[in-house]
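Have a look at the structure below, then the notes.
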Amino acid sequence: MNLLAALRAHRLLAIVRGSDPDAALNTVLTLAEEGVTLVEVSLSGRDALDVIARARAALGPDATLGAGTVLSSDDARAAHKAGAAFLVTPAVSDGIATGRELGLPVLAGVMTPTDILQAQRLGADAFKLFPAGSAGGPGYLKDLRGPFPDLPFVPVGGVDAIAAADYLREGATAVGVGSPLVGDAAAGGDLTALRERARAFLDVVRSEVRP
């Protein structure tokens with residue numbers, strides 16, 4: 001898949017980290033029903049590989065379903081086997097190079113300019129600015145876009161609907177959103193509330209003018 005094109009087109013990456021595998025699966029499927037096209041299942045969630053495999057079976061081969069919190073080459077291989085179409089790392093890790101070897105696009109976790117250059121050399125397709133809120137928020141993204149004006153950044157961490165709009169105005173390619181979007185749905189919480197939050201976030205990313 002072309003991850004960068006998908007990020008540019010959809011602008012919202014949902015991050016599902018579940019303590020209840022069945023609820024996590026239902027969360028992924030509900031997000032897809034609401035039009036959240038890009039979904040990452042974090043490997044730090046319970047039975048995450050099984051959730052990915054079951055979601056892949058339910059959504060079909062063309063779904064843009066990925067694996068997050070990929071820390072190692074072993075994680076990358078296991079995610080690929082489970083059916084992940086892309087990988088997301090929280091940092092510059094062996095998972096980037098292994099993902100590329102497997103033919104999977106990678107959204108690589110970075111915080112500093114040094115991280116960005118290292119991830120770029122390893123073949124990252126896009127750059128997950130994490131934890132974006134703690135690093136300085138939209139202002140920090142603006143600063144990074146000075147030396148790196150053409151790189152695709154995806155802020156993750158503390159991104160609510162207001163912050164999402166601010167990041168997109170500062171030139172983010174997309175935003176990655178976990179708990180402000182998913183809430184407690186992946187632990188068995190209310191799917192109706194999840195649907196409402198999904199629609200609200202989609203309204204934000206669709207309404208912001210593209211840089």
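Chain labels run A, B, ... following the order of the structure tokens; each chain numbers its residues from 1, and ligands are numbered from 1 in the order shown.
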
Can you list, as a PDB file with N, CA, C and O atoms, in the first residue's frame, every protein, DNA or RNA residue that comes within 9 Å of A:Ala23 when you count only C-alpha atoms, leaving out same-chain residues fewer than 6 positions away?
ATOM      1  N   ALA A 185     -13.705   2.408  24.418  1.00  0.00           N
ATOM      2  CA  ALA A 185     -14.354   1.431  23.552  1.00  0.00           C
ATOM      3  C   ALA A 185     -13.563   0.133  23.456  1.00  0.00           C
ATOM      4  O   ALA A 185     -14.141  -0.955  23.432  1.00  0.00           O
ATOM      5  N   ALA A 186     -12.226   0.227  23.401  1.00  0.00           N
ATOM      6  CA  ALA A 186     -11.399  -0.971  23.246  1.00  0.00           C
ATOM      7  C   ALA A 186     -11.271  -1.762  24.538  1.00  0.00           C
ATOM      8  O   ALA A 186     -10.632  -2.814  24.567  1.00  0.00           O
ATOM      9  N   ALA A 187     -11.890  -1.244  25.603  1.00  0.00           N
ATOM     10  CA  ALA A 187     -11.955  -1.976  26.872  1.00  0.00           C
ATOM     11  C   ALA A 187     -13.375  -2.429  27.164  1.00  0.00           C
ATOM     12  O   ALA A 187     -13.682  -2.854  28.284  1.00  0.00           O
ATOM     13  N   GLY A 188     -14.255  -2.298  26.176  1.00  0.00           N
ATOM     14  CA  GLY A 188     -15.646  -2.715  26.345  1.00  0.00           C
ATOM     15  C   GLY A 188     -16.609  -1.573  26.536  1.00  0.00           C
ATOM     16  O   GLY A 188     -17.768  -1.793  26.916  1.00  0.00           O
ATOM     17  N   GLY A 189     -16.175  -0.341  26.280  1.00  0.00           N
ATOM     18  CA  GLY A 189     -17.028   0.828  26.477  1.00  0.00           C
ATOM     19  C   GLY A 189     -18.045   1.023  25.363  1.00  0.00           C
ATOM     20  O   GLY A 189     -18.190   0.197  24.451  1.00  0.00           O
TER      21      GLY A 189
END

Original post:
Which polymer residues have any atom within 9 Å of an atom of A:Met111, counting only C-alpha atoms, with same-chain residues fewer than 2 positions away left out, as a list in words?
Top reply: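 Selected residues are Ala91, Gly109, Pro113, Thr114, Asp115, Ile116, Lys128, Leu129, Phe130, Pro131, Ala132 and Ala135 of chain A.
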
Rows by chain and residue number, stretch 76-181 of chain A within 12 Å of stretch 26-38 of chain A, shortest pair, only C-alpha atoms, as JSON lines:
{"residue": "A:Ala84", "atom": "CA", "partner": "A:Leu38", "partner_atom": "CA", "distance": 11.5}
{"residue": "A:Ala85", "atom": "CA", "partner": "A:Leu38", "partner_atom": "CA", "distance": 10.3}
{"residue": "A:Phe86", "atom": "CA", "partner": "A:Leu38", "partner_atom": "CA", "distance": 10.0}
{"residue": "A:Leu87", "atom": "CA", "partner": "A:Leu38", "partner_atom": "CA", "distance": 11.7}
{"residue": "A:Val88", "atom": "CA", "partner": "A:Leu38", "partner_atom": "CA", "distance": 11.8}
{"residue": "A:Ala174", "atom": "CA", "partner": "A:Leu38", "partner_atom": "CA", "distance": 10.4}
{"residue": "A:Val175", "atom": "CA", "partner": "A:Leu38", "partner_atom": "CA", "distance": 10.7}
{"residue": "A:Gly176", "atom": "CA", "partner": "A:Leu38", "partner_atom": "CA", "distance": 9.5}
{"residue": "A:Val177", "atom": "CA", "partner": "A:Leu38", "partner_atom": "CA", "distance": 10.8}
{"residue": "A:Gly178", "atom": "CA", "partner": "A:Thr27", "partner_atom": "CA", "distance": 11.7}
{"residue": "A:Ser179", "atom": "CA", "partner": "A:Thr27", "partner_atom": "CA", "distance": 11.9}
{"residue": "A:Leu181", "atom": "CA", "partner": "A:Leu31", "partner_atom": "CA", "distance": 9.7}

Residues of stretch 89-185 of chain A at most 12 Å from stretch 63-75 of chain A: nearest atom pair and distance in Å, only C-alpha atoms, as a tab-separated table:
residue	atom	partner	partner_atom	distance
A:Thr89	CA	A:Val70	CA	4.8
A:Pro90	CA	A:Thr69	CA	5.7
A:Ala91	CA	A:Leu71	CA	7.7
A:Val92	CA	A:Leu71	CA	8.6
A:Ser93	CA	A:Leu71	CA	6.0
A:Asp94	CA	A:Ser72	CA	5.1
A:Gly95	CA	A:Ser73	CA	4.7
A:Ile96	CA	A:Ser73	CA	8.0
A:Ala97	CA	A:Ser73	CA	8.0
A:Thr98	CA	A:Ser73	CA	5.5
A:Gly99	CA	A:Ser73	CA	7.7
A:Arg100	CA	A:Ser73	CA	10.6
A:Glu101	CA	A:Ser73	CA	10.1
A:Leu102	CA	A:Ser73	CA	10.3
A:Leu104	CA	A:Gly66	CA	9.6
A:Pro105	CA	A:Gly66	CA	9.6
A:Val106	CA	A:Gly66	CA	9.4
A:Leu107	CA	A:Gly68	CA	9.0
A:Ala108	CA	A:Val70	CA	9.3
A:Gly109	CA	A:Thr69	CA	9.2
A:Lys128	CA	A:Gly68	CA	11.0
A:Phe130	CA	A:Thr69	CA	11.6
A:Val156	CA	A:Gly68	CA	11.8
A:Gly176	CA	A:Gly68	CA	11.1
A:Gly178	CA	A:Gly68	CA	11.2

With only C-alpha atoms as the counted atoms, please give the residues lying no more than 12 Å from A:Gly137, apart from itself and same-chain residues fewer than 5 positions off, as a PDB file with N, CA, C and O atoms, in the first residue's frame.
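Output below, filename around.pdb:
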ATOM      1  N   MET A 111      11.292  12.381  17.557  1.00  0.00           N
ATOM      2  CA  MET A 111      11.050  13.588  18.335  1.00  0.00           C
ATOM      3  C   MET A 111      12.018  14.699  17.955  1.00  0.00           C
ATOM      4  O   MET A 111      11.621  15.857  17.856  1.00  0.00           O
ATOM      5  N   LEU A 129       5.509  12.240  14.922  1.00  0.00           N
ATOM      6  CA  LEU A 129       6.059  13.140  15.930  1.00  0.00           C
ATOM      7  C   LEU A 129       5.448  12.772  17.275  1.00  0.00           C
ATOM      8  O   LEU A 129       4.266  13.030  17.529  1.00  0.00           O
ATOM      9  N   PHE A 130       6.265  12.135  18.131  1.00  0.00           N
ATOM     10  CA  PHE A 130       5.744  11.555  19.370  1.00  0.00           C
ATOM     11  C   PHE A 130       6.742  11.699  20.508  1.00  0.00           C
ATOM     12  O   PHE A 130       7.930  11.459  20.322  1.00  0.00           O
ATOM     13  N   PRO A 131       6.226  12.083  21.705  1.00  0.00           N
ATOM     14  CA  PRO A 131       4.866  12.525  22.018  1.00  0.00           C
ATOM     15  C   PRO A 131       4.701  14.009  21.694  1.00  0.00           C
ATOM     16  O   PRO A 131       5.340  14.865  22.285  1.00  0.00           O
ATOM     17  N   ALA A 132       3.862  14.295  20.740  1.00  0.00           N
ATOM     18  CA  ALA A 132       3.776  15.643  20.181  1.00  0.00           C
ATOM     19  C   ALA A 132       3.363  16.680  21.216  1.00  0.00           C
ATOM     20  O   ALA A 132       3.920  17.782  21.260  1.00  0.00           O
ATOM     21  N   LYS A 142       5.762  23.389  13.900  1.00  0.00           N
ATOM     22  CA  LYS A 142       6.114  24.540  13.069  1.00  0.00           C
ATOM     23  C   LYS A 142       7.621  24.737  13.021  1.00  0.00           C
ATOM     24  O   LYS A 142       8.199  24.998  11.959  1.00  0.00           O
ATOM     25  N   ASP A 143       8.277  24.578  14.169  1.00  0.00           N
ATOM     26  CA  ASP A 143       9.731  24.730  14.216  1.00  0.00           C
ATOM     27  C   ASP A 143      10.425  23.657  13.378  1.00  0.00           C
ATOM     28  O   ASP A 143      11.405  23.937  12.670  1.00  0.00           O
ATOM     29  N   LEU A 144       9.957  22.429  13.465  1.00  0.00           N
ATOM     30  CA  LEU A 144      10.578  21.338  12.707  1.00  0.00           C
ATOM     31  C   LEU A 144      10.398  21.514  11.207  1.00  0.00           C
ATOM     32  O   LEU A 144      11.268  21.104  10.419  1.00  0.00           O
ATOM     33  N   VAL A 154       3.261  13.304  11.209  1.00  0.00           N
ATOM     34  CA  VAL A 154       1.988  12.887  11.788  1.00  0.00           C
ATOM     35  C   VAL A 154       2.102  13.021  13.306  1.00  0.00           C
ATOM     36  O   VAL A 154       2.657  12.143  13.971  1.00  0.00           O
ATOM     37  N   PRO A 155       1.633  14.111  13.891  1.00  0.00           N
ATOM     38  CA  PRO A 155       1.706  14.270  15.343  1.00  0.00           C
ATOM     39  C   PRO A 155       0.825  13.250  16.064  1.00  0.00           C
ATOM     40  O   PRO A 155      -0.318  13.001  15.663  1.00  0.00           O
ATOM     41  N   VAL A 156       1.358  12.686  17.127  1.00  0.00           N
ATOM     42  CA  VAL A 156       0.652  11.704  17.951  1.00  0.00           C
ATOM     43  C   VAL A 156       0.966  11.989  19.406  1.00  0.00           C
ATOM     44  O   VAL A 156       2.107  12.305  19.754  1.00  0.00           O
ATOM     45  N   GLY A 157      -0.047  11.875  20.260  1.00  0.00           N
ATOM     46  CA  GLY A 157       0.158  12.080  21.689  1.00  0.00           C
ATOM     47  C   GLY A 157      -0.518  13.347  22.164  1.00  0.00           C
ATOM     48  O   GLY A 157      -0.056  14.450  21.856  1.00  0.00           O
ATOM     49  N   GLY A 158      -1.645  13.187  22.871  1.00  0.00           N
ATOM     50  CA  GLY A 158      -2.373  14.347  23.367  1.00  0.00           C
ATOM     51  C   GLY A 158      -3.111  15.116  22.291  1.00  0.00           C
ATOM     52  O   GLY A 158      -3.351  16.321  22.440  1.00  0.00           O
ATOM     53  N   VAL A 159      -3.488  14.447  21.206  1.00  0.00           N
ATOM     54  CA  VAL A 159      -4.147  15.129  20.092  1.00  0.00           C
ATOM     55  C   VAL A 159      -5.661  15.007  20.243  1.00  0.00           C
ATOM     56  O   VAL A 159      -6.258  13.978  19.919  1.00  0.00           O
ATOM     57  N   ASP A 160      -6.284  16.068  20.750  1.00  0.00           N
ATOM     58  CA  ASP A 160      -7.744  16.117  20.772  1.00  0.00           C
ATOM     59  C   ASP A 160      -8.214  16.839  19.513  1.00  0.00           C
ATOM     60  O   ASP A 160      -7.409  17.165  18.628  1.00  0.00           O
ATOM     61  N   ILE A 162      -9.326  19.857  18.978  1.00  0.00           N
ATOM     62  CA  ILE A 162      -8.797  21.217  18.814  1.00  0.00           C
ATOM     63  C   ILE A 162      -7.344  21.169  18.363  1.00  0.00           C
ATOM     64  O   ILE A 162      -6.936  21.866  17.429  1.00  0.00           O
ATOM     65  N   ALA A 163      -6.549  20.326  19.030  1.00  0.00           N
ATOM     66  CA  ALA A 163      -5.142  20.194  18.656  1.00  0.00           C
ATOM     67  C   ALA A 163      -5.005  19.653  17.240  1.00  0.00           C
ATOM     68  O   ALA A 163      -4.108  20.069  16.491  1.00  0.00           O
ATOM     69  N   ALA A 164      -5.875  18.721  16.861  1.00  0.00           N
ATOM     70  CA  ALA A 164      -5.818  18.165  15.507  1.00  0.00           C
ATOM     71  C   ALA A 164      -5.924  19.279  14.469  1.00  0.00           C
ATOM     72  O   ALA A 164      -5.153  19.323  13.497  1.00  0.00           O
ATOM     73  N   ALA A 165      -6.869  20.176  14.657  1.00  0.00           N
ATOM     74  CA  ALA A 165      -7.032  21.291  13.721  1.00  0.00           C
ATOM     75  C   ALA A 165      -5.789  22.166  13.700  1.00  0.00           C
ATOM     76  O   ALA A 165      -5.325  22.593  12.635  1.00  0.00           O
ATOM     77  N   ASP A 166      -5.217  22.430  14.885  1.00  0.00           N
ATOM     78  CA  ASP A 166      -4.022  23.273  14.960  1.00  0.00           C
ATOM     79  C   ASP A 166      -2.837  22.627  14.241  1.00  0.00           C
ATOM     80  O   ASP A 166      -2.083  23.300  13.525  1.00  0.00           O
ATOM     81  N   TYR A 167      -2.648  21.327  14.451  1.00  0.00           N
ATOM     82  CA  TYR A 167      -1.542  20.635  13.779  1.00  0.00           C
ATOM     83  C   TYR A 167      -1.706  20.667  12.262  1.00  0.00           C
ATOM     84  O   TYR A 167      -0.735  20.884  11.521  1.00  0.00           O
ATOM     85  N   LEU A 168      -2.914  20.434  11.786  1.00  0.00           N
ATOM     86  CA  LEU A 168      -3.141  20.449  10.348  1.00  0.00           C
ATOM     87  C   LEU A 168      -2.891  21.833   9.767  1.00  0.00           C
ATOM     88  O   LEU A 168      -2.354  21.962   8.661  1.00  0.00           O
ATOM     89  N   GLU A 170      -0.696  23.840  10.815  1.00  0.00           N
ATOM     90  CA  GLU A 170       0.763  24.025  10.798  1.00  0.00           C
ATOM     91  C   GLU A 170       1.448  23.110   9.798  1.00  0.00           C
ATOM     92  O   GLU A 170       2.668  23.051   9.727  1.00  0.00           O
ATOM     93  N   ALA A 172       0.812  19.590   9.254  1.00  0.00           N
ATOM     94  CA  ALA A 172       0.850  18.144   9.459  1.00  0.00           C
ATOM     95  C   ALA A 172       0.170  17.442   8.286  1.00  0.00           C
ATOM     96  O   ALA A 172      -0.858  17.900   7.785  1.00  0.00           O
ATOM     97  N   VAL A 175      -2.983  13.419  11.474  1.00  0.00           N
ATOM     98  CA  VAL A 175      -2.824  13.337  12.919  1.00  0.00           C
ATOM     99  C   VAL A 175      -3.149  11.913  13.367  1.00  0.00           C
ATOM    100  O   VAL A 175      -4.014  11.249  12.789  1.00  0.00           O
TER     101      VAL A 175
END

**OP:** Pick out the closest residue to A:Glu40 from this set: A:Leu13, A:Val110, A:Ala82, A:Ala57. Count only C-alpha atoms.
**Re:** A:Leu13

Original post:
Just how far from atom CA of A:Ile15 is atom CA of A:Val209, in Å to one decimal?
Top reply: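 Going from atom CA of A:Val209 over to atom CA of A:Ile15 covers 23.5 Å.
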
Determine which residues of stretch 69-178 of chain A receive a DSSP assignment of alpha helix (DSSP H), computed from the backbone, and state them as a compact mmCIF listing (two decimals) with N, CA, C and O atoms, in the first residue's frame.
# COMPACT_ATOMS: atom_id res chain seq x y z
N SER A 73 12.57 -6.08 15.16
CA SER A 73 12.40 -6.83 13.93
C SER A 73 11.38 -7.96 14.11
O SER A 73 10.58 -8.24 13.21
N ASP A 74 11.41 -8.60 15.28
CA ASP A 74 10.45 -9.67 15.55
C ASP A 74 9.02 -9.14 15.54
O ASP A 74 8.11 -9.79 15.01
N ASP A 75 8.82 -7.95 16.12
CA ASP A 75 7.49 -7.33 16.09
C ASP A 75 7.04 -7.09 14.65
O ASP A 75 5.88 -7.34 14.29
N ALA A 76 7.95 -6.60 13.83
CA ALA A 76 7.62 -6.29 12.44
C ALA A 76 7.21 -7.56 11.70
O ALA A 76 6.22 -7.57 10.96
N ARG A 77 7.96 -8.62 11.90
CA ARG A 77 7.64 -9.88 11.21
C ARG A 77 6.31 -10.45 11.69
O ARG A 77 5.50 -10.95 10.88
N ALA A 78 6.07 -10.40 12.99
CA ALA A 78 4.82 -10.93 13.53
C ALA A 78 3.63 -10.12 13.02
O ALA A 78 2.57 -10.69 12.70
N ALA A 79 3.78 -8.80 12.95
CA ALA A 79 2.69 -7.95 12.46
C ALA A 79 2.40 -8.23 11.00
O ALA A 79 1.24 -8.29 10.57
N HIS A 80 3.44 -8.41 10.23
CA HIS A 80 3.28 -8.74 8.82
C HIS A 80 2.53 -10.06 8.65
O HIS A 80 1.60 -10.16 7.84
N LYS A 81 2.91 -11.05 9.43
CA LYS A 81 2.25 -12.36 9.37
C LYS A 81 0.78 -12.27 9.75
O LYS A 81 -0.08 -12.97 9.19
N ALA A 82 0.46 -11.39 10.70
CA ALA A 82 -0.92 -11.24 11.16
C ALA A 82 -1.80 -10.52 10.15
O ALA A 82 -3.03 -10.57 10.25
N ASP A 94 14.68 -1.07 15.07
CA ASP A 94 14.96 -2.07 14.03
C ASP A 94 13.73 -2.38 13.20
O ASP A 94 13.84 -2.91 12.09
N GLY A 95 12.56 -2.10 13.76
CA GLY A 95 11.33 -2.37 13.03
C GLY A 95 11.23 -1.61 11.73
O GLY A 95 10.54 -2.05 10.80
N ILE A 96 11.90 -0.47 11.62
CA ILE A 96 11.82 0.33 10.39
C ILE A 96 12.47 -0.41 9.24
O ILE A 96 11.86 -0.64 8.19
N ALA A 97 13.73 -0.81 9.41
CA ALA A 97 14.45 -1.49 8.34
C ALA A 97 13.81 -2.83 8.01
O ALA A 97 13.68 -3.20 6.83
N THR A 98 13.37 -3.56 9.03
CA THR A 98 12.74 -4.86 8.78
C THR A 98 11.43 -4.69 8.04
O THR A 98 11.10 -5.46 7.13
N GLY A 99 10.66 -3.67 8.42
CA GLY A 99 9.42 -3.40 7.70
C GLY A 99 9.68 -3.15 6.23
O GLY A 99 8.96 -3.67 5.36
N ARG A 100 10.69 -2.37 5.94
CA ARG A 100 11.01 -2.09 4.54
C ARG A 100 11.43 -3.36 3.81
O ARG A 100 11.07 -3.57 2.66
N GLU A 101 12.19 -4.23 4.49
CA GLU A 101 12.60 -5.50 3.89
C GLU A 101 11.38 -6.37 3.57
O GLU A 101 11.38 -7.11 2.57
N PRO A 113 15.42 16.44 15.58
CA PRO A 113 15.97 16.45 14.22
C PRO A 113 16.89 15.26 13.95
O PRO A 113 16.88 14.72 12.84
N THR A 114 17.65 14.85 14.95
CA THR A 114 18.52 13.68 14.77
C THR A 114 17.70 12.43 14.50
O THR A 114 18.03 11.63 13.62
N ASP A 115 16.62 12.26 15.27
CA ASP A 115 15.72 11.13 15.03
C ASP A 115 15.20 11.13 13.58
O ASP A 115 15.12 10.10 12.92
N ILE A 116 14.81 12.31 13.14
CA ILE A 116 14.23 12.44 11.80
C ILE A 116 15.22 11.99 10.74
O ILE A 116 14.88 11.22 9.83
N LEU A 117 16.45 12.45 10.85
CA LEU A 117 17.47 12.07 9.87
C LEU A 117 17.75 10.57 9.91
O LEU A 117 17.91 9.93 8.87
N GLN A 118 17.81 10.00 11.10
CA GLN A 118 18.05 8.56 11.22
C GLN A 118 16.91 7.76 10.61
O GLN A 118 17.14 6.79 9.87
N ALA A 119 15.69 8.15 10.91
CA ALA A 119 14.53 7.43 10.36
C ALA A 119 14.47 7.57 8.85
O ALA A 119 14.12 6.62 8.13
N GLN A 120 14.83 8.73 8.35
CA GLN A 120 14.83 8.96 6.91
C GLN A 120 15.85 8.04 6.24
O GLN A 120 15.56 7.44 5.19
N ARG A 121 17.02 7.90 6.82
CA ARG A 121 18.06 7.03 6.25
C ARG A 121 17.64 5.57 6.25
O ARG A 121 18.05 4.80 5.39
N LEU A 122 16.81 5.19 7.24
CA LEU A 122 16.36 3.80 7.32
C LEU A 122 15.19 3.51 6.38
O LEU A 122 14.78 2.36 6.24
N ALA A 132 3.86 14.30 20.74
CA ALA A 132 3.78 15.64 20.18
C ALA A 132 3.36 16.68 21.22
O ALA A 132 3.92 17.78 21.26
N GLY A 133 2.38 16.35 22.05
CA GLY A 133 1.92 17.32 23.03
C GLY A 133 3.01 17.68 24.03
O GLY A 133 3.22 18.86 24.33
N SER A 134 3.72 16.71 24.51
CA SER A 134 4.79 16.95 25.48
C SER A 134 5.98 17.65 24.86
O SER A 134 6.73 18.36 25.54
N ALA A 135 6.18 17.44 23.55
CA ALA A 135 7.32 18.05 22.87
C ALA A 135 7.13 19.54 22.60
O ALA A 135 8.09 20.23 22.28
N PRO A 138 1.70 22.12 18.49
CA PRO A 138 1.77 22.65 17.13
C PRO A 138 2.95 23.58 16.90
O PRO A 138 3.49 23.63 15.79
N GLY A 139 3.36 24.30 17.95
CA GLY A 139 4.51 25.18 17.80
C GLY A 139 5.79 24.43 17.49
O GLY A 139 6.64 24.90 16.73
N TYR A 140 5.93 23.25 18.10
CA TYR A 140 7.13 22.44 17.83
C TYR A 140 7.11 21.91 16.40
O TYR A 140 8.15 21.88 15.73
N LEU A 141 5.94 21.49 15.95
CA LEU A 141 5.83 21.06 14.55
C LEU A 141 6.22 22.19 13.61
O LEU A 141 6.96 21.98 12.63
N LYS A 142 5.76 23.39 13.90
CA LYS A 142 6.11 24.54 13.07
C LYS A 142 7.62 24.74 13.02
O LYS A 142 8.20 25.00 11.96
N ASP A 143 8.28 24.58 14.17
CA ASP A 143 9.73 24.73 14.22
C ASP A 143 10.43 23.66 13.38
O ASP A 143 11.41 23.94 12.67
N LEU A 144 9.96 22.43 13.46
CA LEU A 144 10.58 21.34 12.71
C LEU A 144 10.40 21.51 11.21
O LEU A 144 11.27 21.10 10.42
N ALA A 161 -9.51 17.08 19.40
CA ALA A 161 -10.04 17.67 18.16
C ALA A 161 -9.49 19.08 17.92
O ALA A 161 -9.19 19.44 16.78
N ILE A 162 -9.33 19.86 18.98
CA ILE A 162 -8.80 21.22 18.81
C ILE A 162 -7.34 21.17 18.36
O ILE A 162 -6.94 21.87 17.43
N ALA A 163 -6.55 20.33 19.03
CA ALA A 163 -5.14 20.19 18.66
C ALA A 163 -5.00 19.65 17.24
O ALA A 163 -4.11 20.07 16.49
N ALA A 164 -5.87 18.72 16.86
CA ALA A 164 -5.82 18.16 15.51
C ALA A 164 -5.92 19.28 14.47
O ALA A 164 -5.15 19.32 13.50
N ALA A 165 -6.87 20.18 14.66
CA ALA A 165 -7.03 21.29 13.72
C ALA A 165 -5.79 22.17 13.70
O ALA A 165 -5.33 22.59 12.63
N ASP A 166 -5.22 22.43 14.88
CA ASP A 166 -4.02 23.27 14.96
C ASP A 166 -2.84 22.63 14.24
O ASP A 166 -2.08 23.30 13.52
N TYR A 167 -2.65 21.33 14.45
CA TYR A 167 -1.54 20.64 13.78
C TYR A 167 -1.71 20.67 12.26
O TYR A 167 -0.74 20.88 11.52
N LEU A 168 -2.91 20.43 11.79
CA LEU A 168 -3.14 20.45 10.35
C LEU A 168 -2.89 21.83 9.77
O LEU A 168 -2.35 21.96 8.66
N ARG A 169 -3.23 22.87 10.52
CA ARG A 169 -2.96 24.24 10.05
C ARG A 169 -1.46 24.51 9.96
O ARG A 169 -1.02 25.33 9.15

Original post:
How many Å lie between atom CA of A:Arg195 and atom CA of A:Gly183, rounded to one decimal?
Top reply: 10.8 Å

Subject >> Which of A:Ala14, A:Leu202, A:Ile52, A:Ala58 sits closest to A:Pro180 [using only C-alpha atoms] >> reply: A:Ala14

Subject >> Within 9 Å of A:Gly171 using only C-alpha atoms, minus same-chain residues under 6 positions, as a PyMOL selection string >> reply: chain A and resi 141-142+145+149+152-153+210-211

Taking all heavy atoms for each residue, export the selection above as an mmCIF file, in the first residue's frame.
data_model
loop_
_atom_site.group_PDB
_atom_site.id
_atom_site.type_symbol
_atom_site.label_atom_id
_atom_site.label_comp_id
_atom_site.auth_asym_id
_atom_site.auth_seq_id
_atom_site.Cartn_x
_atom_site.Cartn_y
_atom_site.Cartn_z
ATOM 1 N N LEU A 141 5.937 21.488 15.947
ATOM 2 C CA LEU A 141 5.831 21.055 14.548
ATOM 3 C C LEU A 141 6.222 22.194 13.612
ATOM 4 O O LEU A 141 6.955 21.978 12.632
ATOM 5 C CB LEU A 141 4.407 20.594 14.250
ATOM 6 C CG LEU A 141 4.105 20.285 12.780
ATOM 7 C CD1 LEU A 141 4.969 19.145 12.263
ATOM 8 C CD2 LEU A 141 2.629 19.977 12.575
ATOM 9 N N LYS A 142 5.762 23.389 13.900
ATOM 10 C CA LYS A 142 6.114 24.540 13.069
ATOM 11 C C LYS A 142 7.621 24.737 13.021
ATOM 12 O O LYS A 142 8.199 24.998 11.959
ATOM 13 C CB LYS A 142 5.430 25.794 13.613
ATOM 14 C CG LYS A 142 5.711 27.055 12.800
ATOM 15 C CD LYS A 142 4.986 28.253 13.390
ATOM 16 C CE LYS A 142 5.266 29.517 12.584
ATOM 17 N NZ LYS A 142 4.553 30.693 13.160
ATOM 18 N N ARG A 145 9.308 22.109 10.818
ATOM 19 C CA ARG A 145 9.064 22.288 9.388
ATOM 20 C C ARG A 145 9.975 23.350 8.784
ATOM 21 O O ARG A 145 10.058 23.467 7.554
ATOM 22 C CB ARG A 145 7.596 22.625 9.141
ATOM 23 C CG ARG A 145 6.719 21.369 9.220
ATOM 24 C CD ARG A 145 5.236 21.698 9.044
ATOM 25 N NE ARG A 145 4.974 22.453 7.826
ATOM 26 C CZ ARG A 145 4.934 21.928 6.598
ATOM 27 N NH1 ARG A 145 5.145 20.644 6.434
ATOM 28 N NH2 ARG A 145 4.669 22.692 5.556
ATOM 29 N N PRO A 149 10.945 21.139 5.551
ATOM 30 C CA PRO A 149 9.664 21.666 5.044
ATOM 31 C C PRO A 149 8.846 20.669 4.231
ATOM 32 O O PRO A 149 7.629 20.818 4.128
ATOM 33 C CB PRO A 149 10.094 22.847 4.168
ATOM 34 C CG PRO A 149 11.489 22.504 3.734
ATOM 35 C CD PRO A 149 12.094 21.800 4.910
ATOM 36 N N PRO A 152 6.719 14.501 5.580
ATOM 37 C CA PRO A 152 5.359 14.257 6.072
ATOM 38 C C PRO A 152 5.351 13.904 7.563
ATOM 39 O O PRO A 152 5.822 12.837 7.950
ATOM 40 C CB PRO A 152 4.892 13.078 5.219
ATOM 41 C CG PRO A 152 6.148 12.340 4.861
ATOM 42 C CD PRO A 152 7.227 13.365 4.783
ATOM 43 N N PHE A 153 4.824 14.797 8.378
ATOM 44 C CA PHE A 153 4.752 14.598 9.822
ATOM 45 C C PHE A 153 3.335 14.231 10.252
ATOM 46 O O PHE A 153 2.349 14.792 9.750
ATOM 47 C CB PHE A 153 5.186 15.853 10.569
ATOM 48 C CG PHE A 153 6.666 16.123 10.491
ATOM 49 C CD1 PHE A 153 7.157 17.132 9.680
ATOM 50 C CD2 PHE A 153 7.562 15.363 11.219
ATOM 51 C CE1 PHE A 153 8.520 17.394 9.600
ATOM 52 C CE2 PHE A 153 8.925 15.608 11.148
ATOM 53 C CZ PHE A 153 9.406 16.620 10.339
ATOM 54 N N ARG A 210 -6.049 22.297 3.282
ATOM 55 C CA ARG A 210 -4.769 21.629 3.100
ATOM 56 C C ARG A 210 -3.691 22.635 2.770
ATOM 57 O O ARG A 210 -3.922 23.572 1.992
ATOM 58 C CB ARG A 210 -4.866 20.572 1.980
ATOM 59 C CG ARG A 210 -5.839 19.448 2.326
ATOM 60 C CD ARG A 210 -6.039 18.497 1.174
ATOM 61 N NE ARG A 210 -7.104 17.554 1.485
ATOM 62 C CZ ARG A 210 -6.919 16.408 2.125
ATOM 63 N NH1 ARG A 210 -5.705 16.064 2.503
ATOM 64 N NH2 ARG A 210 -7.935 15.607 2.384
ATOM 65 N N PRO A 211 -2.472 22.431 3.352
ATOM 66 C CA PRO A 211 -1.398 23.373 3.064
ATOM 67 C C PRO A 211 -0.944 23.298 1.609
ATOM 68 O O PRO A 211 -1.135 22.294 0.952
ATOM 69 C CB PRO A 211 -0.289 22.926 4.012
ATOM 70 C CG PRO A 211 -0.576 21.487 4.293
ATOM 71 C CD PRO A 211 -2.066 21.359 4.259
#

**OP:** Would you mind writing down, as JSON, numbers by chain, each residue of chain A that DSSP on the backbone assigns to strand (DSSP E or B)?
**Re:** {"A": [12, 13, 14, 15, 16, 38, 39, 40, 41, 42, 65, 66, 67, 68, 86, 87, 88, 106, 107, 108, 109, 110, 126, 127, 128, 129, 153, 154, 155, 156, 175, 176, 177]}

Subject >> Pick from A:Ala5, A:Thr112, A:Leu151, A:Arg54, whichever lies nearest to A:Ala126 using only C-alpha atoms >> reply: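 Of all the options, A:Leu151 lies closest to A:Ala126.
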
**OP:** Go ahead and compute the interatomic distance for atom CA of A:Ala6 and atom CA of A:Phe148, in Å to one decimal.
**Re:** 20.6 Å
